[in-house]
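**Student:** One structure coming up, written as structure tokens, with questions to follow.
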Amino acid sequence: MSLFKNIFSSKKKETLDKGLEKSKTSFFSKLGKAVAGKSKVDDDVLDNLEEVLVSSDVGVDTTLKIIDRIEARVAKDKYMSTDELNGILREEIAGLLSETNTGNETEFVVPVDKKPYVIMVVGVNGVGKTTTIGKLANQFKNQGLKVVLGAADTFRAAAIDQLQVWADRVDVPIVKQKMGSDPASVAFDTLSSAVTQNADVVIIDTAGRLHNKINLMNELTKVKRVMQKVVEDTPHDVLLVLDGSTGQNAFEQAKQFTKATEVTSLAVTKLDGTAKGGVVIGISDQFQIPVKYIGVGEGIEDLQVFNKVEFVDSFFKI
């Protein structure tokens, strides 16, 4: 059980525990009903457990993997009491996620050999994209890094205005043009400005539209191509922001966006306001793309690095 030793600071852990409270309460309520009147884990309990996991937005494929692991343990141990089930679930889900080589970080980091380190942020409108950018900028700035924002979502005046609000709040420079400008032109100007300022990190917002994947694909490809004229091999990270409160819809958005462009990391937001936190377990398992960040509160410090051990520990903490 040394797997679950605390690696977050007590304050960060407390925020994570609180942010997952609704998901945890909902899960344990369902789990209690699933094992009511049962003293040992049998086929009925496993069937009920499968239903609990799926209804908690863990996802069908990941749920089946978890059930297979628990069935294997029951077969090996011959007997497992329902009182042990929470601990077993905790261990097996942590074990499943440990097989993905992601979710190991404890701090916000950027590679030291990439300067400026360029993050292009994608995602549909309303998922918390701009807020995530602002909170990321705050985290990097707190580490002493020089951050520049780029407002390349030029299709909505509100998107530019919202990013300006965050730039002012965090006190970092922003590069923007008027609504309707070419997003690639904004990206070019942003990187040019960042190089001139000797910035460490550049975070570029992009339009959140999925209704026409071909247009989105072409637009993002053009943005990337233009950025590479200023800094080779950019963007270094394409971060897809997903709204955790939408549950299975977040899975669908991840599928659609990964078809439209190359996504290299994920952020799952709004987990504090939902009982659908299990979606992070499923997304972390199903996509060969690391979940880097999770949003567990409205405060500026409430964007956290996703650490799978801490997440599972908080999710199953009684």
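Quick note on naming: the chains in the structure tokens go A, B, ... in the order shown, residues restart at 1 in each chain, and ligands are numbered from 1 in order of appearance.
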Taking 6 positions as the minimum chain separation for residues in the same chain, which residues sit within 8 Å of range 194-210 of chain A when counting only C-alpha atoms? Answer as a PyMOL selection string.
**Tutor:** chain A and resi 115-125+129-130+133+137+140+145-155+183+187+216+256-257
**Student:** Pick out the residues sitting within 6 Å of range 290-302 of chain A, and hand them over as number ranges by chain; count only C-alpha atoms, and ignore anything fewer than 5 positions along from it in its own chain.
**Tutor:** A: 19, 102, 135, 265-272, 284
**Student:** Residues within 12 Å of Thr106 in chain A, please, as a list in words. Count only C-alpha atoms; anything in the same chain fewer than 5 positions from it doesn't count.
**Tutor:** Asn6, Ile7, Phe8, Ser9, Lys12, Lys13, Lys292, Tyr293, Gln304, Val305, Phe306, Asn307, Lys308, Val309, Glu310 and Phe311 of chain A
**Student:** Let me see the file: selected residues, C-alpha atoms, as a compact mmCIF listing (two decimals), in the first residue's frame.
**Tutor:**
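In the end it all went to selection_27.txt:
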```txt
# COMPACT_ATOMS: atom_id res chain seq x y z
CA ASN A 6 1.05 11.20 0.12
CA ILE A 7 3.11 13.07 -2.48
CA PHE A 8 1.01 16.25 -2.75
CA SER A 9 1.25 19.03 -0.19
CA LYS A 12 -3.22 20.56 -2.64
CA LYS A 13 -4.48 17.22 -1.34
CA LYS A 292 -1.94 16.54 -17.64
CA TYR A 293 -4.25 18.82 -15.65
CA GLN A 304 -3.86 20.85 -10.53
CA VAL A 305 -1.36 18.60 -12.19
CA PHE A 306 -3.06 15.22 -12.64
CA ASN A 307 -1.33 12.62 -10.51
CA LYS A 308 -3.06 9.26 -10.85
CA VAL A 309 -2.02 7.94 -7.44
CA GLU A 310 -3.31 11.02 -5.62
CA PHE A 311 -6.47 11.08 -7.74
```
**Student:** Skipping near chain neighbours, those fewer than 4 positions away, what residues fall within 10 Å of range 85-98 of chain A using only C-alpha atoms, listed as an NGL selection string?
**Tutor:** :A and (1 or 3-4 or 28 or 31 or 35 or 40-41 or 45 or 49 or 62-63 or 65-70 or 73 or 80-81 or 102-104 or 281-282 or 284-286 or 308-318)
**Student:** As a PyMOL selection string, please: the residues near range 226-233 of chain A (cut-off 8 Å, only C-alpha atoms, same-chain neighbours under 5 positions excluded).
**Tutor:** chain A and resi 184-185+187-188+191-192
**Student:** Here is a test: counting only C-alpha atoms, which residue of A:Gly244, A:Pro235, A:Pro173, A:Gly32 is nearest to Thr264 in chain A?
**Tutor:** A:Pro235
**Student:** Name the residues of range 109-156 of chain A that come out as strand (DSSP E) in a backbone DSSP run; write them as a PyMOL selection string.
**Tutor:** chain A and resi 117-122+147-151
**Student:** What does the structure give for the distance between CA of Ala36 in chain A and CA of Glu84 in chain A, in Å to one decimal?
**Tutor:** 13.7 Å
**Student:** For a quick check of understanding, using only C-alpha atoms, which of A:Lys38, A:Ser193, A:Leu64, A:Asp161 has the smallest distance to Glu50 in chain A?
**Tutor:**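 Going through A:Lys38, A:Ser193, A:Leu64, A:Asp161 one by one, the smallest distance to Glu50 in chain A is for A:Leu64.
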**Student:** Let me make sure I understand: among A:Val74, A:Phe27, A:Arg169, A:Gly277, which one has the smallest atom-to-atom distance to Glu51 in chain A if we use only C-alpha atoms?
**Tutor:** A:Phe27
**Student:** Mind pulling up the distance from CA of Gly128 in chain A to CA of Val165 in chain A?
**Tutor:**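 These atoms are spaced 14.1 Å apart.
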**Student:** When you count only C-alpha atoms, which of these residues is closest to Ala159 in chain A: A:Gly273, A:Gly180, A:Gly37, A:Pro111?
**Tutor:** A:Gly180
**Student:** Just list the residues in range 48-266 of chain A DSSP gives helix (DSSP H, G or I) on the backbone, as a ChimeraX atom specification.
**Tutor:** /A:48-55,60-77,82-98,129-142,157-170,183-196,213-227,244-246,248-260
**Student:** Using Å and a single decimal, report how far CA of Ser56 in chain A sits from CA of Lys276 in chain A.
**Tutor:**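 About the pair CA of Lys276 in chain A and CA of Ser56 in chain A: they are 5.9 Å apart.
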**Student:** Taking only C-alpha atoms into account, name the residue in A:Ala275, A:Val223, A:Met217, A:Val186 that is nearest to Ile174 in chain A.
**Tutor:**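 Smallest separation from Ile174 in chain A among the options: A:Val186.
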